[in-house]
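What follows is model-v9.csv (CSV, N, CA and C atoms).
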```
chain,number,residue,atom,x,y,z
H,1,MET,N,0.8,-1.2,0.0
H,1,MET,CA,0.0,0.0,0.0
H,1,MET,C,0.9,1.2,0.0
H,2,LYS,N,0.5,2.2,-0.8
H,2,LYS,CA,1.3,3.4,-0.9
H,2,LYS,C,1.2,4.3,0.3
H,3,GLN,N,2.3,4.7,0.8
H,3,GLN,CA,2.4,5.6,2.0
H,3,GLN,C,2.1,7.1,1.5
H,4,PRO,N,1.4,7.9,2.3
H,4,PRO,CA,1.2,9.3,1.9
H,4,PRO,C,2.5,10.1,1.8
H,5,ALA,N,2.6,10.9,0.8
H,5,ALA,CA,3.7,11.7,0.6
H,5,ALA,C,3.6,13.0,1.5
H,6,GLU,N,4.7,13.6,1.8
H,6,GLU,CA,4.7,14.8,2.7
H,6,GLU,C,3.8,15.9,2.0
H,7,SER,N,3.9,16.0,0.7
H,7,SER,CA,3.2,17.0,0.0
H,7,SER,C,1.7,16.8,0.1
H,8,GLU,N,1.2,15.6,0.4
H,8,GLU,CA,-0.2,15.4,0.5
H,8,GLU,C,-0.8,16.2,1.6
H,9,SER,N,-0.1,16.4,2.7
H,9,SER,CA,-0.5,17.2,3.8
H,9,SER,C,-0.6,18.7,3.4
H,10,ALA,N,0.3,19.1,2.5
H,10,ALA,CA,0.3,20.5,2.0
H,10,ALA,C,-0.9,20.6,1.1
H,11,GLN,N,-1.3,19.6,0.4
H,11,GLN,CA,-2.4,19.7,-0.5
H,11,GLN,C,-3.7,19.8,0.2
H,12,VAL,N,-3.8,19.0,1.3
H,12,VAL,CA,-5.0,19.1,2.2
H,12,VAL,C,-5.1,20.5,2.8
H,13,SER,N,-4.0,21.0,3.2
H,13,SER,CA,-4.0,22.4,3.8
H,13,SER,C,-4.4,23.4,2.8
H,14,ALA,N,-4.0,23.2,1.5
H,14,ALA,CA,-4.5,24.2,0.5
H,14,ALA,C,-6.0,24.1,0.2
H,15,ARG,N,-6.5,22.9,0.3
H,15,ARG,CA,-8.0,22.7,0.1
H,15,ARG,C,-8.7,23.4,1.3
H,16,LEU,N,-8.2,23.2,2.5
H,16,LEU,CA,-8.8,23.9,3.7
H,16,LEU,C,-8.7,25.4,3.6
H,17,ALA,N,-7.6,25.9,3.1
H,17,ALA,CA,-7.4,27.4,2.9
H,17,ALA,C,-8.4,27.9,1.9
H,18,TRP,N,-8.6,27.1,0.8
H,18,TRP,CA,-9.6,27.5,-0.2
H,18,TRP,C,-11.0,27.5,0.4
H,19,LEU,N,-11.3,26.5,1.2
H,19,LEU,CA,-12.7,26.4,1.8
H,19,LEU,C,-12.9,27.6,2.7
H,20,ARG,N,-11.9,28.0,3.5
H,20,ARG,CA,-12.0,29.1,4.4
H,20,ARG,C,-12.2,30.4,3.6
H,21,SER,N,-11.5,30.5,2.5
H,21,SER,CA,-11.6,31.7,1.6
H,21,SER,C,-13.0,31.7,0.9
H,22,HIS,N,-13.4,30.6,0.5
H,22,HIS,CA,-14.7,30.5,-0.2
H,22,HIS,C,-15.8,31.0,0.6
H,23,TYR,N,-15.8,30.6,1.9
H,23,TYR,CA,-16.9,31.1,2.8
H,23,TYR,C,-16.5,32.3,3.6
H,24,SER,N,-15.4,33.0,3.2
H,24,SER,CA,-15.0,34.2,3.9
H,24,SER,C,-15.0,34.1,5.4
H,25,LEU,N,-14.3,33.0,5.9
H,25,LEU,CA,-14.3,32.7,7.3
H,25,LEU,C,-13.0,33.1,7.9
H,26,GLU,N,-13.1,33.7,9.1
H,26,GLU,CA,-11.9,33.9,10.0
H,26,GLU,C,-11.5,32.5,10.5
H,27,ILE,N,-10.3,32.3,10.8
H,27,ILE,CA,-9.8,31.1,11.3
H,27,ILE,C,-10.6,30.7,12.6
H,28,LYS,N,-10.8,31.6,13.5
H,28,LYS,CA,-11.4,31.3,14.8
H,28,LYS,C,-12.9,30.9,14.5
H,29,ASP,N,-13.5,31.5,13.5
H,29,ASP,CA,-14.9,31.1,13.2
H,29,ASP,C,-15.0,29.7,12.6
H,30,MET,N,-14.1,29.4,11.7
H,30,MET,CA,-14.1,28.1,11.1
H,30,MET,C,-13.8,27.0,12.2
H,31,ALA,N,-12.9,27.3,13.1
H,31,ALA,CA,-12.6,26.4,14.2
H,31,ALA,C,-13.8,26.2,15.1
H,32,ALA,N,-14.5,27.3,15.4
H,32,ALA,CA,-15.7,27.2,16.2
H,32,ALA,C,-16.8,26.4,15.5
H,33,ASP,N,-16.9,26.6,14.2
H,33,ASP,CA,-18.0,25.9,13.5
H,33,ASP,C,-17.8,24.4,13.5
H,34,ILE,N,-16.6,23.9,13.6
H,34,ILE,CA,-16.3,22.5,13.6
H,34,ILE,C,-15.9,22.0,15.0
H,35,ASP,N,-16.0,22.8,16.0
H,35,ASP,CA,-15.6,22.4,17.4
H,35,ASP,C,-14.2,22.0,17.5
H,36,ALA,N,-13.3,22.8,16.9
H,36,ALA,CA,-11.9,22.6,17.0
H,36,ALA,C,-11.2,23.8,17.7
H,37,SER,N,-10.1,23.6,18.2
H,37,SER,CA,-9.4,24.8,18.8
H,37,SER,C,-8.8,25.7,17.7
H,38,TYR,N,-8.6,26.9,18.0
H,38,TYR,CA,-7.9,27.8,17.1
H,38,TYR,C,-6.5,27.3,16.7
H,39,THR,N,-5.8,26.8,17.7
H,39,THR,CA,-4.4,26.2,17.4
H,39,THR,C,-4.5,25.0,16.5
H,40,GLN,N,-5.5,24.2,16.7
H,40,GLN,CA,-5.6,23.0,15.9
H,40,GLN,C,-5.9,23.4,14.4
H,41,MET,N,-6.8,24.4,14.3
H,41,MET,CA,-7.1,24.9,12.9
H,41,MET,C,-5.9,25.5,12.2
H,42,ILE,N,-5.1,26.2,13.0
H,42,ILE,CA,-3.9,26.8,12.4
H,42,ILE,C,-2.9,25.7,12.0
H,43,ASN,N,-2.8,24.6,12.8
H,43,ASN,CA,-1.9,23.5,12.5
H,43,ASN,C,-2.4,22.8,11.2
H,44,TRP,N,-3.7,22.6,11.0
H,44,TRP,CA,-4.2,22.0,9.8
H,44,TRP,C,-4.0,22.9,8.6
H,45,LEU,N,-4.2,24.2,8.8
H,45,LEU,CA,-4.1,25.1,7.7
H,45,LEU,C,-2.7,25.3,7.2
H,46,THR,N,-1.7,25.2,8.1
H,46,THR,CA,-0.3,25.4,7.8
H,46,THR,C,0.4,24.0,7.4
H,47,GLY,N,-0.3,22.9,7.6
H,47,GLY,CA,0.2,21.6,7.4
H,47,GLY,C,1.2,21.2,8.5
H,48,THR,N,1.2,21.9,9.6
H,48,THR,CA,2.1,21.4,10.7
H,48,THR,C,1.6,20.1,11.2
H,49,GLN,N,0.3,19.9,11.2
H,49,GLN,CA,-0.3,18.6,11.6
H,49,GLN,C,-1.2,18.1,10.5
H,50,ARG,N,-1.4,16.9,10.3
H,50,ARG,CA,-2.3,16.3,9.3
H,50,ARG,C,-3.7,16.5,9.9
H,51,LEU,N,-4.6,16.7,8.9
H,51,LEU,CA,-6.0,16.8,9.3
H,51,LEU,C,-6.5,15.5,9.8
H,52,SER,N,-7.1,15.5,11.0
H,52,SER,CA,-7.6,14.3,11.6
H,52,SER,C,-8.9,13.8,11.0
H,53,LEU,N,-9.3,12.6,11.1
H,53,LEU,CA,-10.5,12.1,10.6
H,53,LEU,C,-11.7,12.8,11.3
H,54,LYS,N,-11.6,13.0,12.6
H,54,LYS,CA,-12.6,13.7,13.4
H,54,LYS,C,-12.8,15.1,12.8
H,55,GLY,N,-11.7,15.8,12.5
H,55,GLY,CA,-11.8,17.2,12.0
H,55,GLY,C,-12.4,17.1,10.6
H,56,ALA,N,-11.9,16.2,9.8
H,56,ALA,CA,-12.4,16.1,8.4
H,56,ALA,C,-13.9,15.8,8.4
H,57,LEU,N,-14.4,14.9,9.3
H,57,LEU,CA,-15.8,14.6,9.3
H,57,LEU,C,-16.6,15.8,9.7
H,58,ALA,N,-16.1,16.6,10.7
H,58,ALA,CA,-16.8,17.8,11.1
H,58,ALA,C,-16.8,18.8,9.9
H,59,ILE,N,-15.8,19.0,9.2
H,59,ILE,CA,-15.7,19.9,8.0
H,59,ILE,C,-16.7,19.4,7.0
H,60,SER,N,-16.7,18.1,6.7
H,60,SER,CA,-17.6,17.5,5.7
H,60,SER,C,-19.1,17.8,6.1
H,61,THR,N,-19.4,17.5,7.4
H,61,THR,CA,-20.8,17.7,7.8
H,61,THR,C,-21.2,19.2,7.8
H,62,THR,N,-20.3,20.1,8.2
H,62,THR,CA,-20.6,21.5,8.4
H,62,THR,C,-20.7,22.2,7.0
H,63,TYR,N,-19.7,21.9,6.1
H,63,TYR,CA,-19.6,22.6,4.9
H,63,TYR,C,-20.0,21.9,3.6
H,64,GLY,N,-20.4,20.6,3.8
H,64,GLY,CA,-20.8,19.8,2.6
H,64,GLY,C,-19.7,19.4,1.7
H,65,ILE,N,-18.5,19.3,2.2
H,65,ILE,CA,-17.3,18.9,1.5
H,65,ILE,C,-17.1,17.4,1.7
H,66,SER,N,-16.8,16.7,0.6
H,66,SER,CA,-16.6,15.3,0.7
H,66,SER,C,-15.2,15.0,1.2
H,67,LEU,N,-15.1,13.8,1.9
H,67,LEU,CA,-13.8,13.4,2.4
H,67,LEU,C,-12.9,13.1,1.1
H,68,ASP,N,-13.5,12.6,0.1
H,68,ASP,CA,-12.7,12.4,-1.2
H,68,ASP,C,-12.0,13.7,-1.6
H,69,PHE,N,-12.7,14.8,-1.6
H,69,PHE,CA,-12.1,16.0,-2.0
H,69,PHE,C,-11.0,16.5,-1.0
H,70,LEU,N,-11.4,16.4,0.3
H,70,LEU,CA,-10.4,16.9,1.3
H,70,LEU,C,-9.1,16.1,1.3
H,71,PHE,N,-9.2,14.8,1.2
H,71,PHE,CA,-8.0,14.0,1.3
H,71,PHE,C,-7.4,13.6,0.0
H,72,LEU,N,-8.2,13.5,-1.1
H,72,LEU,CA,-7.7,13.0,-2.3
H,72,LEU,C,-7.8,14.1,-3.5
H,73,GLY,N,-8.5,15.2,-3.2
H,73,GLY,CA,-8.6,16.2,-4.2
H,73,GLY,C,-9.5,15.9,-5.4
H,74,ARG,N,-10.4,15.0,-5.2
H,74,ARG,CA,-11.4,14.6,-6.2
H,74,ARG,C,-12.5,15.7,-6.3
H,75,VAL,N,-12.3,16.5,-7.3
H,75,VAL,CA,-13.2,17.7,-7.5
H,75,VAL,C,-14.6,17.2,-7.9
H,76,GLU,N,-14.6,16.1,-8.6
H,76,GLU,CA,-15.9,15.6,-9.1
H,76,GLU,C,-16.9,15.2,-7.9
H,77,SER,N,-16.3,15.1,-6.7
H,77,SER,CA,-17.1,14.7,-5.5
H,77,SER,C,-17.8,16.0,-4.9
H,78,LEU,N,-17.4,17.2,-5.4
H,78,LEU,CA,-18.0,18.4,-4.9
H,78,LEU,C,-19.3,18.8,-5.5
H,79,PRO,N,-20.1,19.5,-4.8
H,79,PRO,CA,-21.3,20.1,-5.4
H,79,PRO,C,-20.9,21.0,-6.5
H,80,PRO,N,-21.6,21.2,-7.6
H,80,PRO,CA,-21.2,22.0,-8.8
H,80,PRO,C,-20.7,23.4,-8.4
H,81,GLU,N,-21.4,24.1,-7.5
H,81,GLU,CA,-21.0,25.5,-7.2
H,81,GLU,C,-19.6,25.5,-6.5
H,82,LEU,N,-19.4,24.5,-5.6
H,82,LEU,CA,-18.1,24.4,-5.0
H,82,LEU,C,-17.0,24.0,-5.9
H,83,ALA,N,-17.3,23.1,-6.9
H,83,ALA,CA,-16.3,22.6,-7.8
H,83,ALA,C,-15.9,23.8,-8.7
H,84,ARG,N,-16.8,24.7,-9.1
H,84,ARG,CA,-16.5,25.8,-10.0
H,84,ARG,C,-15.6,26.8,-9.2
H,85,SER,N,-15.9,27.0,-7.9
H,85,SER,CA,-15.1,27.9,-7.1
H,85,SER,C,-13.7,27.3,-6.9
H,86,TRP,N,-13.6,26.0,-6.6
H,86,TRP,CA,-12.3,25.4,-6.5
H,86,TRP,C,-11.4,25.5,-7.7
H,87,MET,N,-12.1,25.3,-8.9
H,87,MET,CA,-11.3,25.4,-10.2
H,87,MET,C,-10.8,26.8,-10.4
H,88,ALA,N,-11.6,27.8,-10.1
H,88,ALA,CA,-11.2,29.2,-10.3
H,88,ALA,C,-10.1,29.5,-9.3
H,89,PHE,N,-10.2,29.0,-8.1
H,89,PHE,CA,-9.1,29.2,-7.1
H,89,PHE,C,-7.8,28.6,-7.6
H,90,SER,N,-7.9,27.4,-8.1
H,90,SER,CA,-6.7,26.6,-8.6
H,90,SER,C,-6.1,27.3,-9.7
H,91,ARG,N,-6.9,27.8,-10.7
H,91,ARG,CA,-6.3,28.5,-11.8
H,91,ARG,C,-5.6,29.8,-11.4
H,92,ALA,N,-6.2,30.5,-10.5
H,92,ALA,CA,-5.6,31.8,-10.0
H,92,ALA,C,-4.3,31.5,-9.3
H,93,LYS,N,-4.3,30.4,-8.5
H,93,LYS,CA,-3.1,30.1,-7.7
H,93,LYS,C,-2.0,29.7,-8.7
H,94,ASP,N,-2.3,28.9,-9.7
H,94,ASP,CA,-1.3,28.4,-10.7
H,94,ASP,C,-0.8,29.6,-11.5
H,95,ALA,N,-1.7,30.6,-11.8
H,95,ALA,CA,-1.2,31.8,-12.6
H,95,ALA,C,-0.3,32.6,-11.7
H,96,ALA,N,-0.6,32.7,-10.5
H,96,ALA,CA,0.3,33.5,-9.6
H,96,ALA,C,1.6,32.9,-9.4
H,97,GLN,N,1.7,31.6,-9.5
H,97,GLN,CA,3.0,30.9,-9.3
H,97,GLN,C,3.9,30.9,-10.5
H,98,GLN,N,3.3,31.3,-11.7
H,98,GLN,CA,4.1,31.4,-12.9
H,98,GLN,C,4.8,32.7,-13.1
```

I'd like the structure from this file rewritten - as structure tokens, please.
Amino acid sequence: MKQPAESESAQVSARLAWLRSHYSLEIKDMAADIDASYTQMINWLTGTQRLSLKGALAISTTYGISLDFLFLGRVESLPPELARSWMAFSRAKDAAQQ
């Protein structure tokens, strides 16, 4: 079985940052929404710690984001509005890096 790469944690963090941006949430508000501490939310957003299953389930339930998207980046598992938002975010991020 393939072991997760270090970059996968960074990719999960990027998806969390997009979600926060999409809903225009402050870190403290997102943490409160999912019953996580501010410090835990910062750790997940920065990739200092991997997103826990408990945290992912809370995010999924609260914001309608699938675990497939959070952990694997499967855009097709998102509702259409969120998929369009993610694709626009990804294109803008890629353009800024060039």

Handout entry: Contacts of range 79-83 of chain H at 7 Å (all atoms listed in the file; same-chain gap of 6+ positions) as a ChimeraX atom specification
Key = /H:64-66

Exercise for the section: Would you list the contacts of range 55-58 of chain H as an MDAnalysis selection string, taking every protein, DNA or RNA residue within 7 Å and counting only N, CA and C atoms, but skipping same-chain residues closer than 5 positions in sequence? Expected result: chainID H and resid 33:34 63 67

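Atom pair atom N of Gln97 in chain H / atom C of Leu25 in chain H has a distance of 22.8 Å (rounded to one decimal).
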
Name all residues at most 8 Å from range 48-53 of chain H (count only N, CA and C atoms; drop same-chain ones fewer than 5 positions away) and give them as a PDB file with N, CA and C atoms, keeping the file's coordinate frame.
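Result saved to result23.pdb:
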```
ATOM      1  N   GLU H   8       1.200  15.600   0.400  1.00  0.00           N
ATOM      2  CA  GLU H   8      -0.200  15.400   0.500  1.00  0.00           C
ATOM      3  C   GLU H   8      -0.800  16.200   1.600  1.00  0.00           C
ATOM      4  N   SER H   9      -0.100  16.400   2.700  1.00  0.00           N
ATOM      5  CA  SER H   9      -0.500  17.200   3.800  1.00  0.00           C
ATOM      6  C   SER H   9      -0.600  18.700   3.400  1.00  0.00           C
ATOM      7  N   ALA H  10       0.300  19.100   2.500  1.00  0.00           N
ATOM      8  CA  ALA H  10       0.300  20.500   2.000  1.00  0.00           C
ATOM      9  C   ALA H  10      -0.900  20.600   1.100  1.00  0.00           C
ATOM     10  N   VAL H  12      -3.800  19.000   1.300  1.00  0.00           N
ATOM     11  CA  VAL H  12      -5.000  19.100   2.200  1.00  0.00           C
ATOM     12  C   VAL H  12      -5.100  20.500   2.800  1.00  0.00           C
ATOM     13  N   SER H  13      -4.000  21.000   3.200  1.00  0.00           N
ATOM     14  CA  SER H  13      -4.000  22.400   3.800  1.00  0.00           C
ATOM     15  C   SER H  13      -4.400  23.400   2.800  1.00  0.00           C
ATOM     16  N   GLN H  40      -5.500  24.200  16.700  1.00  0.00           N
ATOM     17  CA  GLN H  40      -5.600  23.000  15.900  1.00  0.00           C
ATOM     18  C   GLN H  40      -5.900  23.400  14.400  1.00  0.00           C
ATOM     19  N   ILE H  42      -5.100  26.200  13.000  1.00  0.00           N
ATOM     20  CA  ILE H  42      -3.900  26.800  12.400  1.00  0.00           C
ATOM     21  C   ILE H  42      -2.900  25.700  12.000  1.00  0.00           C
ATOM     22  N   ASN H  43      -2.800  24.600  12.800  1.00  0.00           N
ATOM     23  CA  ASN H  43      -1.900  23.500  12.500  1.00  0.00           C
ATOM     24  C   ASN H  43      -2.400  22.800  11.200  1.00  0.00           C
ATOM     25  N   ALA H  58     -16.100  16.600  10.700  1.00  0.00           N
ATOM     26  CA  ALA H  58     -16.800  17.800  11.100  1.00  0.00           C
ATOM     27  C   ALA H  58     -16.800  18.800   9.900  1.00  0.00           C
ATOM     28  N   ILE H  59     -15.800  19.000   9.200  1.00  0.00           N
ATOM     29  CA  ILE H  59     -15.700  19.900   8.000  1.00  0.00           C
ATOM     30  C   ILE H  59     -16.700  19.400   7.000  1.00  0.00           C
TER      31      ILE H  59
END
```

Exercise for the section: Tell me, in Å to one decimal, how far atom C of Ala36 in chain H is from atom N of Glu76 in chain H. Expected result: 27.6 Å

Handout entry: Filtered DSSP result for chain H, state alpha helix (DSSP H), as a PyMOL selection string
Key = chain H and resi 6-22+27-33+38-46+53-63+67+80-97

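The space separating CA of Leu19 in chain H from CA of Ser90 in chain H comes to 12.0 Å.
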